[in-house]
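Trainee: Sharing a structure with you now.
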Amino acid sequence: MKVVLKELVKDFKSTDTVAVNRINLEIDQGELAVLLGPSGCGKTTTLRMIAGLEQPDSGRIYIAERDITDLAPKDRRVAMVFQNFSMYPTMNVYDNIAFPLHAIKMDRKEIDRTVREVARLVNIDQLLERGLRQVSGGEAQRVALARAMVRRPEVFLMDEPLSNLDAKLRVQLRTEIKRLHQDTGTTFIFVTHDQEEAMTLGDKIIVMNRGDIQQVGTPHEVFFTPRNAFVANFVGTPSMNMLPGSLRIEESGRLFVVLPGFELELPRRFAAGLRMMTSHHVIWGIRPEAIKLVPAIGDNCVPGLVELVEALGSRDLMFVRVHDQLFGVIVDALDSVPVGETCSLHFDGAHMHLFDADSELSLLLDEKANGA
Amino acid sequence: MVVPVRERALSYAILTAMAVLVLIPVLAGSLTAFKPQIIWISSPPVWFFEPTLENFEFVLITRQNWLHLRNSLIISIGSVVIALVLGVPAAYGFARFRFRGSKGLMQWLISLRMIPPIVVGLPFYAMFLFLERATGLGLRDTHFGLILTYQTFLLPLVIWMMRGYFVELPAAMEESAMVEGYTRIGALRRVVLPVVWPGIVATALLNFIFAWNEFFLALILAGNNTSTLPMAAGTYVVRARVEWGNLFAVNLIIMMPVIVLTIFLRQQLVKGLTFGILE
Amino acid sequence: MKSLKTVLLLLFVFSLCLPLVSAQDSFPLTDPATGARPYEGRELRIINTEVVPILAYEHEILDPAYEEASGVTLIYENMAHSDLLPRIQTTCAAGGDDFDIMFVEDGWAGALAALGCLEELDGLYLAAPGDSHPEDFTARAFGTVAMAKEKWVGIPTLVAVGMFAYRTDLFGDPDEQAAFQEAYGRELTVPQTWEELAEVGEFFTRPEDELWGFNYRYGTPNNILFDYMIHFGFSRGVDFFDADFNPLFGTEAAIDTANFFVGQDFLALQPPGRESYQFGEVLQNFTQGKVAMYGTESWAIPLLLDPEASVVAEHTAFAPIPGWRNPETGEIQSALLSAGPAYMINAHISDEQKQLAWDYLQLAHGKEFARLLADQRGAGHRVSVLTDPDLVAKWPHLTANFEAMKVGIGRPAEPWWPEAENAIGRALQEIAAGGDAASLMADANADIVEIVEDAGYYDEGIAYVSVVQREEFVCAKMAELGLDHDECM
Amino acid sequence: MKPDVATQPGGQSLSRRVYSLTQRHRHWFFIGPALLILLTVVIYPIVFSTGVSLFRVTFASTSRPFVGLQNFERMLGNDDFLQSAYNTLYYVVFSVSGSFLLGFGAALLIRRISRGRNILRLVLIIPITMAPIVVGLMWNWMLDPLFGLINWFLGLLGIPGQTLLAQASTARLMVVLVDIWQWYPLVFLIIEAGMATLPRAPYESARLEGVSSWMIFRRITLPLLRPVILVALLLRTVDAFRTFDIVRVMTDGGPALTTETLSLYLYRTAFTFNKLSRAAAGSILMLLVIGLISAMMFRFLYKDIEVG
């Protein structure tokens with residue numbers, strides 16, 4: 001079902017929850033939306049307000065055009081999977097899954113049928129008689145998934161359900177959640193601080209910071225066209241190289257960014273954004289993947305000294321010092337330069353990002369987009 | 001962990017010595033409860049004799065201390081139940097909701113344990129009397145009156161201990177149940193209570209001990225209908241002598257329920273002390 | 001706004017204090033109850049303590065008979081003696097009616113009377129004199145135990161005066177007599193002075209045979225130590241206060257007394273552990289035959305004469321407690337503390353209930369039952385009992401008891417007296433621990449001045465009621481009630 | 001999406017508004033009843049005592065003039081009050097440290113044995129299950145100079161009868177020892193339970209690295225147990241401050257006030273000396289001191305434990 005948040009506010013006064021500042025958000029029917037942000041950004045608070053576990057100070061929440069702001073959690077037809085809780089310790093797997101069904105006074109036979117069906121769906125039908133101590137962490141989290149599914153909720157809420165699992169299990173369960181989403185066609189809202197998880201799972205990513213929504217978009221949009229410096233910095237591993245600089249515009253109309261120690265020419269597509277600038281101060285950025293090693297010095301090329309190389313498998317992450325600035329550069333492992341040697345870096349204008357130093361907004365987008 | 005033999009032997013030796021120091025007075029005293037009056041006191045002590053139950057018969061039947069036993073049971077159990085009924089939800093509230101002044105309130109609560117009982121006794125009596133005259137509500141010399149008074153030291157401890165248990169549990173446990181179709185109360189009843197049950201048992205036991213052994217408030221407030229076992233013990237210290245055999249008989253009656261409960265609930269008690277007070 | 005809050009808070013505090021200051025209604029007289037079983041079905045609540053076995057007798061014999069005859073149910077709240085006072089005072093201060101009759105020690109009556117919770121008995125007596133006979137007590141004992149200043153508030157349940165007991169088997173043994181003669185150059189007699197007692201005591205002190213010369217009560221609580229020290233003090237002419245209400249505990253006589261009482265010479269006559277002995281232990285030492293002489297209180301005598309309770313019951317005799325030979329007159333001065341509890345009626349109960357309580361008290365501690373109690377158990381505190389030829393023949397100690405009762409001196413019945421007693425007791429304890437008697441007693445004396453001052457006595461001109469004044473009060477009271485008292489002629 | 005009528009701010013149904021209100025104040029729903037009872041049973045006596053302490057209320061007089069802070073002044077200038085305050089401090093220091101060392105020691109030792117651990121533990125905690133008044137009487141009986149087991153035993157060793165409770169030099173120590181006897185099990189229980197929750201890893205690695213037992217204790221056990229230790233100390237301190245039953249039964253404050261505690265002195269002031277206001281003022285003073293001490297201990301405690 002479609003989920004709509006209107007002007008939602010949560011103050012942190014006298015509570016231990018993180019504030020949410022007047023956010024507006026629409027999540028379409030059947031979408032898998034990921035709330036992404038560092039801890040303390042308000043994403044969990046937002047999710048908990050949707051679940052009814054936190055009372056918003058103002059604003060409304062709608063699910064399928066129904067105002068649920070003042071409904072008790074049990075009446076919202078949502079399901080939730082928690083980060084640090086999976087199974088009721090006093091019940092076995094079967095009773096755990098049946099638990100939500102008892103709340104709606106379903107008859108025993110129907111419960112049994114539903115429990116077994118759902119258990120099969122998440123591959124725990126062999127474990128029904130086991131207790132908390134006899135199942136692994138991953139299995140316990142599947143129990144939580146099953147329990148969430150069993151009532152066929154209109155919206156699935158997931159609060160970092162995978163963060164307590166080990167890496168391999170995390171990947172495995174991630175896939176299953178994706179599959180589950182596809183099979184059920186239900187709206188999923190998934191909270192995580194792991195941008196890789198967000199990228200792989202989400203149809204739509206909502207990046208949050210300090211209680212505000214920074215950007216809403218597809219994984220692709222969020223990665224390639226970050227709306228502001230925060231999103232640019234937060235999304236992507238290793239994170240974007242970012243430097244403070246100032247602009248120089250030649251009479252010819254050519255655009256340069258003056259960085260500490262060197263200067264780079266900017267592509268013309270930034271010209272449109274310059275009109276809204278109040279000063280010449282900018283933040284310039286480029287992703288490590290967009291920096292190329294080139295054999296000789298040319299346009300937009302600078303020499304640098306390799307200080308550290310981390311192997312990532314097929315590729316290497318090199319840390320290259322250029323005029324006192326350390327750049328992360330991702331190169332094919334075969335092209336890697338040994339530590340202590342110099343190399344020449346090429347910054348591809350097509351992959352450069354530019355942000356206003358004051359507002360931190362991207363200069364790439366036009367005025368209208370930024371003003372939204 | 002492997003403990004070197006010498007270290008282990010030393011541990012046994014010291015602990016056994018301590019156990020002996022605990023047991024000697026308790027056992028020797030309890031033995032007196034089974035002695036006929038003529039050898040209640042004797043020097044050197046008499047260790048072998050034909051045990052008799054006449055002291056128990058005297059205190060329970062002749063002196064009607066079974067009534068005190070009954071009062072003690074009603075008051076202790078009643079006040080522990082009330083303390084739990086009021087204190088467990090409060091502990092949950094303190095554990096789950098942070099609100100203005102919650103931290104200060106918690107600190108205030110434990111400081112209540114420090115109030116010397118003499119501060120409480122007389123005002124309570126005056127209050128009960130005033131209530132009775134103003135509204136006809138009689139609390140003087142009633143079990144309920146004492147149960148109410150005992151809340152001064154039971155309720156804070158219940159809240160403090162139980163809060164520790166609730167803090168240990170992830171809030172997501174009951175939140176999950178709430179999302180799954182239960183009210184908060186329903187979630188507490190069906191999910192949280194079964195988990196903290198050992199904690200409740202331990203809290204109840206510890207508070208039972210405190211209520212059972214309470215002396216001063218009972219002294220001021222208990223009357224003929226409500227006087228408790230520790231007060232009955234005092235009546236065997238008469239001016240001419242202490243009636244040791246009777247006194248130790250009452251002592252045994254006082255000790256027995258607590259010892260038996262402790263044996264049965266030892267695990268929970270230990271658990272309760274870790275969780276509850278630790279946090 | 002803030003001041004309003006303050007006023008409200010103050011009002012709240014005042015309202016909380018209200019139960020403490022509830023006024024007391026006056027009590028109208030009632031007609032004498034004469035009809036058959038007029039109290040049928042009623043309840044009488046008595047707060048009591050099992051201080052001494054004699055009182056237990058009351059429960060065994062009297063109470064069933066009373067319940068049978070009256071149809072009244074007696075409800076006892078039996079507490080440890082040490083627990084009684086806080087319970088009674090709390091109830092009293094708040095004006096509670098938890099019990100009808102209460103067991104009140106002479107030292108407590110002053111405070112309780114000032115609070116207005118002791119019913120004055122004059123009216124009840126005049127309406128139904130019955131069996132109570134207040135003139136049947138010695139004036140001293142009655143003034144100490146049954147009256148609070150000029151008011152008659154209680155009927156004594158027992159009167160405790162200092163007594164002296166000794167072993168006739170030891171004093172009458174020719175071998176002992178000869179040995180004593182040889183050692184001390186005089187005849188072995190029952191000591192009349194404390195100096196003589198010290199000699200005889202030394203003679204009989206034979207730890208290897210588990211025998212000691214004398215035993216006396218000490219105890220750790222301060223007031224108890226004082227209680228006994230004052231016996232020695234009185235005989236040396238120590239009094240509580242002089243005519244101008246100055247305490248007399250820093251005098252030379254008081255210091256001498258203190259030195260003697262807690263001195264090692266005196267302690268050495270007594271079995272080990274003497275510093276902590278209270279009633280129970282000294283009684284037990286004597287009844288187990290461990291001591292030759294014993295200083296006790298009158299109520300304990302029946303226990304000494306009970307063959308089941310004492311191995312020396314057959315060999316126990318009584319004499320006046322030793323005194324001090326006045327160096328000027330050569331006369332032996334002997335005076336003792338007189339104390340004891342009385343049954344008193346709670347002023348906060350209904351008139352009907354007061355009448356019922358009075359009716360019971362007349363029976364419980366009237367002349368008739370006193371006779372019965374004396375006959376069966378040898379306890380006596382009424383003149384008619386103590387002087388009855390038949391009873392005296394059966395219980396020879398009654399005569400000595402009577403003599404002691406006539407000269408017994410009561411403690412000041414003032415609310416601040418326990419604190420004063422505490423101050424002297426503390427000084428005595430410190431002297432026992434090796435402190436200097438002269439300075440410690442002087443300090444205690446100064447403390448008492450402060451305590452009395454603090455109570456507002458000197459400023460407000462309230463005077464200490466002396467023993468003589470008490471007797472005058474008793475006589476005035478008897479006259480008021482239209483009674484003749486032997487000692488008031 | 002166009003909001004329907006029901007979602008307009010003014011159009012909320014009553015039940016929804018009630019729900020919203022209860023959600024905002026839900027903590028009172030849980031805490032309220034207990035707080036209400038505590039306010040009546042605790043605040044009332046304290047307010048009452050404060051009220052009484054400002055007047056001259058005695059058991060011996062029906063006139064009750066307002067005297068302001070005079071009672072406090074008198075109490076603070078009273079030697080006996082100061083002496084009993086000193087004694088109380090003595091109790092707190094020695095009883096708390098004694099019961100702590102004994103309880104801590106027993107807890108350390110019992111973790112080193114396996115067989116018989118349960119039965120030993122049960123025996124060791126017996127004292128805490130006894131009523132303090134009973135404990136006091138029992139030890140009076142043990143210490144009796146005539147028939148007490150201790151003197152009998154000393155007699156076997158050729159030592160003459162001792163009156164440990166009646167001599168100023170020993171009485172206080174004896175009472176403290178009995179108090180320790182009764183209360184070390186509390187420390188024992190808390191510490192032992194705390195130790196059961198300690199992580200194993202630091203011990204194992206320390207053992208492997210050959211660190212001495214003493215260093216393990218000092219560098220690992222003590223720091224890890226710090227919160228538990230503080231809780232045990234706090235509880236013991238609070239209880240030691242109001243020691244009453246045991247002392248009253250054993251020595252009643254004597255000899256010469258060497259064993260008198262504040263609680264006992266205030267009790268005596270009220271009920272024996274008939275000075276209600278003075279006692280009330282004393283209790284308020286005592287409450288203030290204890291409050292101050294516990295607040296200090298709390299500060300330590302809160303540093304260690306995140307209180308949610």
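The chains in the structure tokens are called A, B, ... from first to last as shown; in each chain the residues are counted from 1, and the ligands are counted from 1 in the order shown.
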I want to know what sits within 12 Å of Phe217 of chain D, based on only C-alpha atoms, with residues of the same chain fewer than 2 positions away left out; could you give that as a PyMOL selection string?
Mentor: chain D and resi 104-105+108+195+202-203+206-207+211-215+219-226
Trainee: Could the residues in this selection be written to a file with N, CA, C and O atoms, as a JSON list (two decimals), in the first residue's frame?
Mentor:
[["chain", "number", "residue", "atom", "x", "y", "z"],
["D", 104, "PHE", "N", 32.93, -10.46, 50.06],
["D", 104, "PHE", "CA", 33.73, -10.48, 48.83],
["D", 104, "PHE", "C", 34.65, -11.70, 48.84],
["D", 104, "PHE", "O", 34.74, -12.46, 47.87],
["D", 105, "GLY", "N", 35.31, -11.90, 49.99],
["D", 105, "GLY", "CA", 36.23, -13.04, 50.12],
["D", 105, "GLY", "C", 35.51, -14.34, 49.86],
["D", 105, "GLY", "O", 35.97, -15.19, 49.08],
["D", 108, "LEU", "N", 34.75, -14.80, 46.25],
["D", 108, "LEU", "CA", 35.94, -15.16, 45.47],
["D", 108, "LEU", "C", 36.26, -16.63, 45.67],
["D", 108, "LEU", "O", 36.56, -17.36, 44.71],
["D", 195, "MET", "N", 29.91, -11.89, 39.72],
["D", 195, "MET", "CA", 31.03, -12.61, 39.13],
["D", 195, "MET", "C", 30.56, -13.61, 38.08],
["D", 195, "MET", "O", 31.27, -13.89, 37.12],
["D", 202, "PRO", "N", 38.94, -12.30, 29.12],
["D", 202, "PRO", "CA", 40.10, -11.63, 29.70],
["D", 202, "PRO", "C", 40.87, -12.54, 30.66],
["D", 202, "PRO", "O", 42.10, -12.49, 30.72],
["D", 203, "TYR", "N", 40.13, -13.39, 31.37],
["D", 203, "TYR", "CA", 40.80, -14.29, 32.32],
["D", 203, "TYR", "C", 41.66, -15.30, 31.60],
["D", 203, "TYR", "O", 42.79, -15.56, 31.96],
["D", 206, "ALA", "N", 44.67, -13.71, 30.19],
["D", 206, "ALA", "CA", 45.62, -13.33, 31.23],
["D", 206, "ALA", "C", 46.35, -14.55, 31.77],
["D", 206, "ALA", "O", 47.55, -14.54, 32.01],
["D", 207, "ARG", "N", 45.61, -15.64, 31.96],
["D", 207, "ARG", "CA", 46.21, -16.87, 32.47],
["D", 207, "ARG", "C", 47.29, -17.36, 31.50],
["D", 207, "ARG", "O", 48.37, -17.74, 31.91],
["D", 211, "VAL", "N", 49.95, -14.02, 33.84],
["D", 211, "VAL", "CA", 49.76, -12.95, 34.83],
["D", 211, "VAL", "C", 49.44, -13.59, 36.18],
["D", 211, "VAL", "O", 48.72, -14.59, 36.25],
["D", 212, "SER", "N", 49.97, -13.03, 37.26],
["D", 212, "SER", "CA", 49.74, -13.61, 38.58],
["D", 212, "SER", "C", 48.28, -13.43, 39.00],
["D", 212, "SER", "O", 47.60, -12.52, 38.53],
["D", 213, "SER", "N", 47.84, -14.30, 39.94],
["D", 213, "SER", "CA", 46.44, -14.25, 40.39],
["D", 213, "SER", "C", 46.11, -12.88, 40.95],
["D", 213, "SER", "O", 45.03, -12.33, 40.73],
["D", 214, "TRP", "N", 47.04, -12.33, 41.70],
["D", 214, "TRP", "CA", 46.82, -11.03, 42.34],
["D", 214, "TRP", "C", 46.61, -9.95, 41.29],
["D", 214, "TRP", "O", 45.71, -9.12, 41.40],
["D", 215, "MET", "N", 47.44, -10.00, 40.26],
["D", 215, "MET", "CA", 47.30, -8.99, 39.21],
["D", 215, "MET", "C", 46.00, -9.19, 38.45],
["D", 215, "MET", "O", 45.33, -8.22, 38.07],
["D", 219, "ARG", "N", 43.64, -6.13, 38.26],
["D", 219, "ARG", "CA", 43.52, -5.45, 36.96],
["D", 219, "ARG", "C", 42.30, -5.88, 36.18],
["D", 219, "ARG", "O", 41.89, -5.18, 35.25],
["D", 220, "ILE", "N", 41.74, -7.05, 36.50],
["D", 220, "ILE", "CA", 40.60, -7.52, 35.72],
["D", 220, "ILE", "C", 39.35, -7.61, 36.57],
["D", 220, "ILE", "O", 38.35, -6.96, 36.29],
["D", 221, "THR", "N", 39.43, -8.42, 37.64],
["D", 221, "THR", "CA", 38.22, -8.65, 38.42],
["D", 221, "THR", "C", 37.68, -7.36, 39.03],
["D", 221, "THR", "O", 36.50, -7.02, 38.86],
["D", 222, "LEU", "N", 38.55, -6.64, 39.72],
["D", 222, "LEU", "CA", 38.07, -5.43, 40.40],
["D", 222, "LEU", "C", 37.45, -4.42, 39.43],
["D", 222, "LEU", "O", 36.33, -3.96, 39.67],
["D", 223, "PRO", "N", 38.14, -4.06, 38.37],
["D", 223, "PRO", "CA", 37.52, -3.08, 37.46],
["D", 223, "PRO", "C", 36.20, -3.57, 36.87],
["D", 223, "PRO", "O", 35.24, -2.82, 36.77],
["D", 224, "LEU", "N", 36.15, -4.86, 36.51],
["D", 224, "LEU", "CA", 34.93, -5.37, 35.91],
["D", 224, "LEU", "C", 33.78, -5.38, 36.91],
["D", 224, "LEU", "O", 32.63, -5.19, 36.56],
["D", 225, "LEU", "N", 34.13, -5.62, 38.17],
["D", 225, "LEU", "CA", 33.08, -5.74, 39.18],
["D", 225, "LEU", "C", 32.69, -4.39, 39.78],
["D", 225, "LEU", "O", 31.83, -4.32, 40.65],
["D", 226, "ARG", "N", 33.36, -3.34, 39.35],
["D", 226, "ARG", "CA", 33.16, -2.04, 39.97],
["D", 226, "ARG", "C", 31.69, -1.66, 40.18],
["D", 226, "ARG", "O", 31.30, -1.30, 41.30]]
Trainee: Select, as an MDAnalysis selection string, those residues of chain B with any atom no more than 7 Å from chain C (distances computed using only C-alpha atoms).
Mentor: chainID B and resid 122 126 129:130 219:220 223:224 234:235 237:242
Trainee: Take the residues just selected and output them with C-alpha atoms as a PDB file, in the first residue's frame.
Mentor:
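What landed in out.pdb:
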ATOM      1  CA  LEU B 122       4.143   7.891  64.568  1.00  0.00           C
ATOM      2  CA  ALA B 126      -1.704   9.723  63.412  1.00  0.00           C
ATOM      3  CA  LEU B 129      -6.476   7.746  63.268  1.00  0.00           C
ATOM      4  CA  PHE B 130      -7.244  10.958  61.424  1.00  0.00           C
ATOM      5  CA  LEU B 219       5.791  -2.407  66.932  1.00  0.00           C
ATOM      6  CA  ILE B 220       4.171   0.998  66.533  1.00  0.00           C
ATOM      7  CA  GLY B 223      -2.269  -4.161  67.476  1.00  0.00           C
ATOM      8  CA  ASN B 224      -3.915  -7.218  68.833  1.00  0.00           C
ATOM      9  CA  GLY B 234      10.205 -10.099  72.010  1.00  0.00           C
ATOM     10  CA  THR B 235       7.605 -11.249  74.519  1.00  0.00           C
ATOM     11  CA  VAL B 237      12.375 -11.584  76.896  1.00  0.00           C
ATOM     12  CA  VAL B 238      10.624 -11.012  80.176  1.00  0.00           C
ATOM     13  CA  ARG B 239      12.003  -9.046  83.035  1.00  0.00           C
ATOM     14  CA  ALA B 240      12.829 -11.936  85.281  1.00  0.00           C
ATOM     15  CA  ARG B 241      14.606 -13.913  82.598  1.00  0.00           C
ATOM     16  CA  VAL B 242      14.689 -14.741  78.949  1.00  0.00           C
TER      17      VAL B 242
END
Trainee: Which residue is closest to Met87 of chain A? Choose from B:Gly199, B:Pro45, B:Ala177, B:Ala83 and count only C-alpha atoms.
Mentor: B:Ala177
Trainee: What residues in chain B lie within 7 Å of chain D, counting only C-alpha atoms, written as a compact mmCIF listing (two decimals) with N, CA and C atoms, in the first residue's frame?
Mentor:
# COMPACT_ATOMS: atom_id res chain seq x y z
N VAL B 3 41.73 -24.84 38.81
CA VAL B 3 42.20 -24.20 40.03
C VAL B 3 43.24 -25.11 40.67
N ARG B 8 42.60 -24.65 45.94
CA ARG B 8 41.26 -25.17 46.15
C ARG B 8 41.11 -25.65 47.60
N SER B 11 40.64 -22.76 49.80
CA SER B 11 39.29 -22.22 49.67
C SER B 11 38.30 -23.02 50.49
N LEU B 15 36.16 -21.47 53.62
CA LEU B 15 34.71 -21.46 53.50
C LEU B 15 34.06 -22.35 54.56
N ALA B 19 31.38 -21.32 57.33
CA ALA B 19 30.12 -22.03 57.48
C ALA B 19 29.93 -22.48 58.92
N VAL B 22 28.83 -19.70 61.02
CA VAL B 22 27.42 -19.41 60.81
C VAL B 22 26.56 -20.43 61.53
N PRO B 25 26.13 -20.88 66.14
CA PRO B 25 25.08 -20.21 66.90
C PRO B 25 23.68 -20.62 66.47
N GLY B 29 21.48 -22.63 69.05
CA GLY B 29 20.26 -21.94 69.46
C GLY B 29 19.03 -22.77 69.15
N ILE B 41 19.15 -23.23 79.86
CA ILE B 41 20.49 -22.69 80.02
C ILE B 41 21.23 -23.60 80.98
N SER B 42 22.45 -23.82 80.66
CA SER B 42 23.26 -24.66 81.53
C SER B 42 24.70 -24.44 81.13
N SER B 43 25.53 -24.49 82.10
CA SER B 43 26.95 -24.37 81.81
C SER B 43 27.67 -25.44 82.60
N PRO B 44 28.40 -26.31 81.96
CA PRO B 44 28.61 -26.41 80.51
C PRO B 44 27.34 -26.81 79.77
N LEU B 86 1.99 -2.98 42.20
CA LEU B 86 2.25 -1.56 41.93
C LEU B 86 3.64 -1.36 41.34
N GLY B 87 4.59 -2.14 41.86
CA GLY B 87 5.99 -1.88 41.54
C GLY B 87 6.43 -2.39 40.19
N PRO B 89 4.73 -2.70 37.25
CA PRO B 89 4.42 -1.74 36.18
C PRO B 89 5.28 -0.48 36.28
N ALA B 90 5.47 0.00 37.50
CA ALA B 90 6.26 1.22 37.66
C ALA B 90 7.69 0.98 37.18
N GLY B 93 7.70 1.11 33.60
CA GLY B 93 7.61 2.50 33.14
C GLY B 93 8.95 3.19 33.21
N ALA B 95 11.84 1.76 33.16
CA ALA B 95 12.81 1.13 32.26
C ALA B 95 12.58 1.55 30.82
N PHE B 97 10.34 4.21 29.50
CA PHE B 97 10.06 5.58 29.07
C PHE B 97 11.01 6.52 29.78
N SER B 111 16.61 6.20 47.65
CA SER B 111 16.94 6.89 48.89
C SER B 111 15.84 6.67 49.93
N MET B 114 16.45 4.55 52.89
CA MET B 114 17.28 5.04 53.98
C MET B 114 16.47 5.66 55.09
N ILE B 115 15.18 5.89 54.85
CA ILE B 115 14.40 6.56 55.88
C ILE B 115 14.36 5.69 57.12
N PRO B 116 14.83 6.23 58.25
CA PRO B 116 14.76 5.42 59.46
C PRO B 116 13.30 5.19 59.83
N ILE B 118 11.73 5.11 62.41
CA ILE B 118 11.09 5.93 63.44
C ILE B 118 10.47 7.19 62.85
N VAL B 119 10.93 7.58 61.66
CA VAL B 119 10.34 8.76 61.04
C VAL B 119 8.92 8.44 60.57
N VAL B 120 8.68 7.18 60.32
CA VAL B 120 7.43 6.79 59.68
C VAL B 120 6.34 6.38 60.66
N PRO B 123 3.82 9.24 62.51
CA PRO B 123 2.96 9.91 61.54
C PRO B 123 1.91 8.98 60.95
N PHE B 124 2.31 7.74 60.74
CA PHE B 124 1.36 6.79 60.19
C PHE B 124 0.20 6.55 61.13
N THR B 149 1.72 0.39 54.96
CA THR B 149 2.91 1.00 55.55
C THR B 149 4.19 0.35 55.05
N THR B 152 6.54 1.50 52.15
CA THR B 152 7.61 2.49 52.22
C THR B 152 8.96 1.88 51.90
N ILE B 209 11.47 -11.51 52.62
CA ILE B 209 12.39 -11.56 53.76
C ILE B 209 12.33 -10.25 54.54
N ASN B 213 10.72 -9.98 58.36
CA ASN B 213 11.58 -9.66 59.49
C ASN B 213 11.36 -8.26 60.05
N ASN B 251 11.98 -18.40 67.16
CA ASN B 251 13.01 -18.11 66.16
C ASN B 251 12.97 -19.11 65.01
N MET B 255 12.40 -18.46 61.17
CA MET B 255 13.42 -18.76 60.15
C MET B 255 12.94 -19.72 59.08
N VAL B 258 11.55 -18.73 55.54
CA VAL B 258 12.53 -18.04 54.71
C VAL B 258 13.59 -19.02 54.21
N ILE B 259 14.04 -19.90 55.09
CA ILE B 259 15.07 -20.86 54.68
C ILE B 259 14.52 -21.78 53.59
N VAL B 270 19.66 -15.57 43.33
CA VAL B 270 20.97 -15.14 42.85
C VAL B 270 20.81 -14.36 41.55
N LYS B 271 19.97 -14.87 40.68
CA LYS B 271 19.74 -14.21 39.40
C LYS B 271 19.13 -12.82 39.63
N LEU B 273 19.41 -10.96 42.16
CA LEU B 273 20.35 -10.00 42.72
C LEU B 273 21.31 -9.49 41.65
N THR B 274 21.68 -10.35 40.72
CA THR B 274 22.58 -9.86 39.67
C THR B 274 21.89 -8.84 38.80
N ILE B 277 19.94 -5.58 40.99
CA ILE B 277 20.66 -4.54 41.67
C ILE B 277 21.82 -4.08 40.83
N LEU B 278 22.29 -4.98 40.00
CA LEU B 278 23.44 -4.62 39.18
C LEU B 278 23.16 -3.39 38.33
N GLU B 279 21.95 -3.37 37.74
CA GLU B 279 21.72 -2.28 36.77
C GLU B 279 21.43 -0.97 37.47
Trainee: Using only C-alpha atoms, find each residue in chain A having at least one atom no more than 8 Å away from chain D; report its shortest atom-to-atom pair and that distance in Å (one decimal), rows by chain then rising number, as a tab-separated table.
Mentor:
residue	atom	partner	partner_atom	distance
A:Gln55	CA	D:Gln23	CA	6.7
A:Arg60	CA	D:Thr7	CA	7.8
A:Glu65	CA	D:Pro3	CA	7.2
A:Asp67	CA	D:Thr7	CA	6.0
A:Asp70	CA	D:Arg16	CA	5.3
A:Leu71	CA	D:Arg16	CA	7.0
A:Ala72	CA	D:Tyr19	CA	7.8
Trainee: Using DSSP on the backbone, list every residue of segment 35-260 of chain D that comes out as alpha helix (DSSP H), and give them as a PyMOL selection string.
Mentor: chain D and resi 35-38+44-53+70-76+79-110+117-124+132-143+149-156+168-196+201-208+213-216+222-241+245-250
Trainee: Quote the spacing between atom CA of Val155 of chain A and atom CA of Gly30 of chain A in Å to one decimal place.
Mentor: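 Separation of atom CA of Val155 of chain A and atom CA of Gly30 of chain A: 8.8 Å.
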Trainee: Can you check which parts of chain C lie within 6 Å of chain D? Per residue, the shortest pair of atoms and distance in Å to one decimal, counting only C-alpha atoms, sorted by chain and number, as CSV.
Mentor:
residue,atom,partner,partner_atom,distance
C:Val13,CA,D:Gly51,CA,5.5
C:Pro86,CA,D:Phe271,CA,5.5
C:Ala111,CA,D:Ala60,CA,4.1
C:Ala114,CA,D:Ala60,CA,4.8
C:Leu115,CA,D:Ala60,CA,5.4
C:Thr220,CA,D:Gly254,CA,4.5
C:Pro221,CA,D:Gly254,CA,4.8
C:Pro272,CA,D:Gly161,CA,5.7
C:Gly273,CA,D:Pro145,CA,4.8
C:Glu275,CA,D:Ala166,CA,5.5
C:Ser276,CA,D:Ala166,CA,4.9
C:Pro415,CA,D:Ala60,CA,5.8
C:Trp416,CA,D:Phe273,CA,6.0
C:Pro418,CA,D:Phe273,CA,5.7
C:Glu419,CA,D:Phe273,CA,5.3
C:Arg426,CA,D:Ala256,CA,4.4
C:Gln429,CA,D:Ala256,CA,5.0
C:Glu430,CA,D:Ala256,CA,5.9
